[in-house]
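**Q** Questions regarding the structure given below will be posed in turn.
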Amino acid sequence: MKKIFATFVVLGLIVGSIGSASAGKKPKAITLFEDPSGDADNAQGLGQSIPGGFDLVSGTVKKVGKDELEFVVTHADMPPTGSAGEGFRLIWGLTAGSTQYEMTIKSLDVGKPDVIASAMGQDPNGEERVGTVYQGVARTEECGTIVLGINWSQCTTIGYYDAVFDPATMTVTWTIKMADFKAKAGTVIAGGAGGRATTGCQICWVPQYVERSLTPQTIIDAATQTVSYKIPK
């Protein structure tokens, strides 16, 4: 009887160990895009990079916790302060399911009226954070495109998240609630197919003043998301 009991105890420990190992598994980061270094040249084909943390190398995503997605973009260089802040921004357009979204990331931003957004009647009208100064931010928007002479991005702000610029690893990292993408386990995150893609700017660094009216000549460096990501359970 003692031998039988001891056997069950051992089996229980083995099963428990397997269960713990499975439960301890964490989702891996999946690389969604890669881009050659040394090509951040403001779309001039110069074959040399403008220093300043604009030279895209790769971007990854992984699920963290039960309901968040962590994005990491790696660069070929990054100044000690992270990036040039207020004057430039990183844009990543993607789709979750069938809906187009856009993430806009800056290392420094000063909330102020968005004259273009207000004139185009966007909701909210670019004034939801007027007067606020913040370090490291990722703005999430649901987007479409209208044509007024050129392609203009028309977006509705969904939320703001902290973005961490790390000069040591030359990365910028931010985490977004899956609910903001109306996403859940099984939802596919794919490359954007909206107006940004028509400029070759699915993922790109641009000067702030051309955020809503991109042309190929205003893009410092651009990349394309070639891999889709199915959110795991």
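Each chain of the structure tokens is named A, B, ... in the order shown, its residues numbered from 1; ligands are numbered from 1 in display order.
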Need the shell around Val72 (chain A): protein/DNA/RNA residues with any atom at most 8 Å away, counting only C-alpha atoms. Skip same-chain ones fewer than 4 positions apart. Format as a PyMOL selection string?
**A** chain A and resi 59-61+171-174
**Q** Just C-alpha atoms for this one: save the residues we selected as an mmCIF file, in the first residue's frame.
**A**
data_model
loop_
_atom_site.group_PDB
_atom_site.id
_atom_site.type_symbol
_atom_site.label_atom_id
_atom_site.label_comp_id
_atom_site.auth_asym_id
_atom_site.auth_seq_id
_atom_site.Cartn_x
_atom_site.Cartn_y
_atom_site.Cartn_z
ATOM 1 C CA GLY A 59 9.881 45.424 -35.874
ATOM 2 C CA THR A 60 8.387 42.713 -33.669
ATOM 3 C CA VAL A 61 5.158 42.007 -31.820
ATOM 4 C CA THR A 171 14.767 50.330 -29.689
ATOM 5 C CA VAL A 172 11.404 51.914 -29.041
ATOM 6 C CA THR A 173 8.831 49.784 -27.216
ATOM 7 C CA TRP A 174 5.131 50.297 -26.549
#
**Q** Neighbouring residues of Lys63 (chain A) were defined as those with any atom within 9 Å, considering only C-alpha atoms; residues of the same chain fewer than 5 positions away were excluded. Please report them as a list of chain:residue names.
**A** A:Lys26, A:Pro27, A:Lys28, A:Ala29, A:Glu68, A:Leu69, A:Glu70, A:Met178, A:Ile231, A:Pro232
**Q** Give me a file of those residues, with C-alpha atoms, as a CSV table (one decimal), in the first residue's frame.
**A**
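For reference, again.csv as written:
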chain,number,residue,atom,x,y,z
A,26,LYS,CA,5.6,32.9,-22.7
A,27,PRO,CA,4.6,33.9,-26.3
A,28,LYS,CA,7.6,34.6,-28.5
A,29,ALA,CA,8.2,37.9,-30.3
A,68,GLU,CA,-2.0,43.4,-24.6
A,69,LEU,CA,0.3,43.5,-27.6
A,70,GLU,CA,3.9,44.7,-27.2
A,178,MET,CA,-5.9,44.3,-27.8
A,231,ILE,CA,-2.8,36.4,-31.8
A,232,PRO,CA,-2.4,33.3,-29.7
**Q** In terms of the shortest atom-to-atom distance over only C-alpha atoms, which of A:Pro80, A:Gly192, A:Gly52, A:Gly87 is closest to Thr99 (chain A)?
**A**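 Checking each candidate against Thr99 (chain A), we get A:Gly192 as the closest.
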**Q** Check the smallest atom-to-atom distance from each of A:Leu56, A:Ile30, A:Val188, A:Ala138 to Ala163 (chain A) using only C-alpha atoms, then report the winner.
**A**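 Between A:Leu56, A:Ile30, A:Val188, A:Ala138, the residue approaching Ala163 (chain A) most closely is A:Ala138.
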**Q** For Ile189 (chain A), please output as a list in words all residues within 8 Å (counting only C-alpha atoms; exclusion window: fewer than 5 positions along the same chain).
**A**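 With the cut-off at 8 Å, the set is Leu94, Thr95, Ala96, Gly97, Ser228, Tyr229, Lys230 and Ile231 of chain A.
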**Q** Grab the residues selected above and save them as a PDB file, in the first residue's frame with C-alpha atoms.
**A**
ATOM      1  CA  LEU A  94      -1.612  47.939 -39.903  1.00  0.00           C
ATOM      2  CA  THR A  95      -4.863  46.010 -40.051  1.00  0.00           C
ATOM      3  CA  ALA A  96      -6.458  43.986 -37.280  1.00  0.00           C
ATOM      4  CA  GLY A  97      -9.006  41.716 -38.880  1.00  0.00           C
ATOM      5  CA  SER A 228       1.189  38.576 -40.487  1.00  0.00           C
ATOM      6  CA  TYR A 229       0.671  37.715 -36.829  1.00  0.00           C
ATOM      7  CA  LYS A 230      -2.173  35.590 -35.498  1.00  0.00           C
ATOM      8  CA  ILE A 231      -2.787  36.448 -31.848  1.00  0.00           C
TER       9      ILE A 231
END
**Q** Compile the contact shell of Phe165 (chain A) as a ChimeraX atom specification: residues with an atom at most 10 Å away, counting only C-alpha atoms, same-chain residues fewer than 3 positions apart removed.
**A** /A:53,72-74,78-83,105-107,135-137,162,168-174
**Q** Calculate how many Å separate CA of Arg89 (chain A) from CA of Gly65 (chain A), rounding to one decimal.
**A**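 These two atoms are separated by 27.7 Å.
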**Q** Give me, please, the distance in Å between CA of Leu32 (chain A) and CA of Trp92 (chain A), quoted to one decimal.
**A** 11.3 Å
**Q** What's the separation between CA of Gln100 (chain A) and CA of Pro36 (chain A), in Å to one decimal place?
**A**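 Straight-line distance from CA of Gln100 (chain A) to CA of Pro36 (chain A) works out to 25.9 Å.
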**Q** Measuring between only C-alpha atoms, which one of A:Ala76, A:Val64, A:Leu108, A:Cys155 shows the shortest distance to Gln208 (chain A)?
**A**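 Closest residue, counting only C-alpha atoms: A:Leu108.
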**Q** Looking at A:Asp77, A:Glu141, A:Glu102, A:Asp67, which one is nearest to Cys201 (chain A), with distances taken over only C-alpha atoms?
**A**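 Smallest separation from Cys201 (chain A) among the options: A:Glu102.
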**Q** Excluding same-chain residues fewer than 4 positions from Ile50 (chain A), what lies within 10 Å of it counting only C-alpha atoms, as a list in words?
**A**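 Counting only the stated atoms, we get Gly38, Asp39, Ala40, Asp41, Asn42, Leu46, Phe54, Asp55, Asp77, Ile220 and Asp221 of chain A.
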**Q** Write out the residues from the selection above, keeping N, CA and C atoms, as an mmCIF file, in the first residue's frame.
**A**
data_model
loop_
_atom_site.group_PDB
_atom_site.id
_atom_site.type_symbol
_atom_site.label_atom_id
_atom_site.label_comp_id
_atom_site.auth_asym_id
_atom_site.auth_seq_id
_atom_site.Cartn_x
_atom_site.Cartn_y
_atom_site.Cartn_z
ATOM 1 N N GLY A 38 21.251 51.847 -43.107
ATOM 2 C CA GLY A 38 21.990 52.745 -43.976
ATOM 3 C C GLY A 38 21.186 53.327 -45.120
ATOM 4 N N ASP A 39 19.835 53.246 -45.035
ATOM 5 C CA ASP A 39 19.011 53.768 -46.137
ATOM 6 C C ASP A 39 18.045 54.862 -45.691
ATOM 7 N N ALA A 40 18.271 55.442 -44.510
ATOM 8 C CA ALA A 40 17.405 56.531 -44.042
ATOM 9 C C ALA A 40 17.890 57.838 -44.656
ATOM 10 N N ASP A 41 17.534 58.052 -45.918
ATOM 11 C CA ASP A 41 18.101 59.180 -46.672
ATOM 12 C C ASP A 41 17.030 60.108 -47.248
ATOM 13 N N ASN A 42 15.874 60.146 -46.588
ATOM 14 C CA ASN A 42 14.796 61.030 -47.017
ATOM 15 C C ASN A 42 14.347 60.724 -48.453
ATOM 16 N N LEU A 46 20.223 58.009 -51.792
ATOM 17 C CA LEU A 46 21.633 58.351 -51.619
ATOM 18 C C LEU A 46 22.461 57.178 -51.099
ATOM 19 N N PHE A 54 16.476 57.408 -37.100
ATOM 20 C CA PHE A 54 15.395 57.224 -38.071
ATOM 21 C C PHE A 54 15.592 55.990 -38.948
ATOM 22 N N ASP A 55 16.720 55.306 -38.804
ATOM 23 C CA ASP A 55 17.068 54.198 -39.705
ATOM 24 C C ASP A 55 16.456 52.894 -39.191
ATOM 25 N N ASP A 77 20.667 53.232 -35.453
ATOM 26 C CA ASP A 77 21.321 54.207 -34.575
ATOM 27 C C ASP A 77 20.243 54.892 -33.749
ATOM 28 N N ILE A 220 11.589 59.788 -44.513
ATOM 29 C CA ILE A 220 13.011 59.644 -44.194
ATOM 30 C C ILE A 220 13.448 58.196 -44.379
ATOM 31 N N ASP A 221 12.704 57.271 -43.789
ATOM 32 C CA ASP A 221 12.964 55.851 -44.012
ATOM 33 C C ASP A 221 11.647 55.098 -43.929
#
**Q** Let me make sure I understand: among A:Met103, A:Val57, A:Ala193, A:Val227, which one has the smallest atom-to-atom distance to Thr156 (chain A) if we use only C-alpha atoms?
**A**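 Using only C-alpha atoms, Thr156 (chain A) sits closest to A:Met103.
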**Q** Please provide as an MDAnalysis selection string all residues within 8 Å of Gly159 (chain A), with the sequence filter that same-chain residues fewer than 6 positions apart are discarded (counting only C-alpha atoms).
**A** chainID A and resid 139:141 180
**Q** May I have the selected residues written with N, CA and C atoms, as a CSV table (one decimal), in the first residue's frame?
**A**
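Listed below is the output, out_7.csv:
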chain,number,residue,atom,x,y,z
A,139,ARG,N,0.4,57.0,-30.1
A,139,ARG,CA,-1.1,57.3,-30.3
A,139,ARG,C,-1.6,56.2,-31.2
A,140,THR,N,-2.8,55.7,-30.9
A,140,THR,CA,-3.5,54.7,-31.7
A,140,THR,C,-4.7,55.3,-32.3
A,141,GLU,N,-4.9,55.1,-33.6
A,141,GLU,CA,-6.0,55.6,-34.3
A,141,GLU,C,-6.6,54.6,-35.3
A,180,ASP,N,-8.4,47.8,-28.1
A,180,ASP,CA,-8.3,49.0,-28.9
A,180,ASP,C,-8.2,48.7,-30.4
**Q** Which of these, A:Thr226, A:Ser49, A:Thr157, A:Thr218, has the shortest distance to Thr104 (chain A) once you count only C-alpha atoms?
**A** A:Thr157
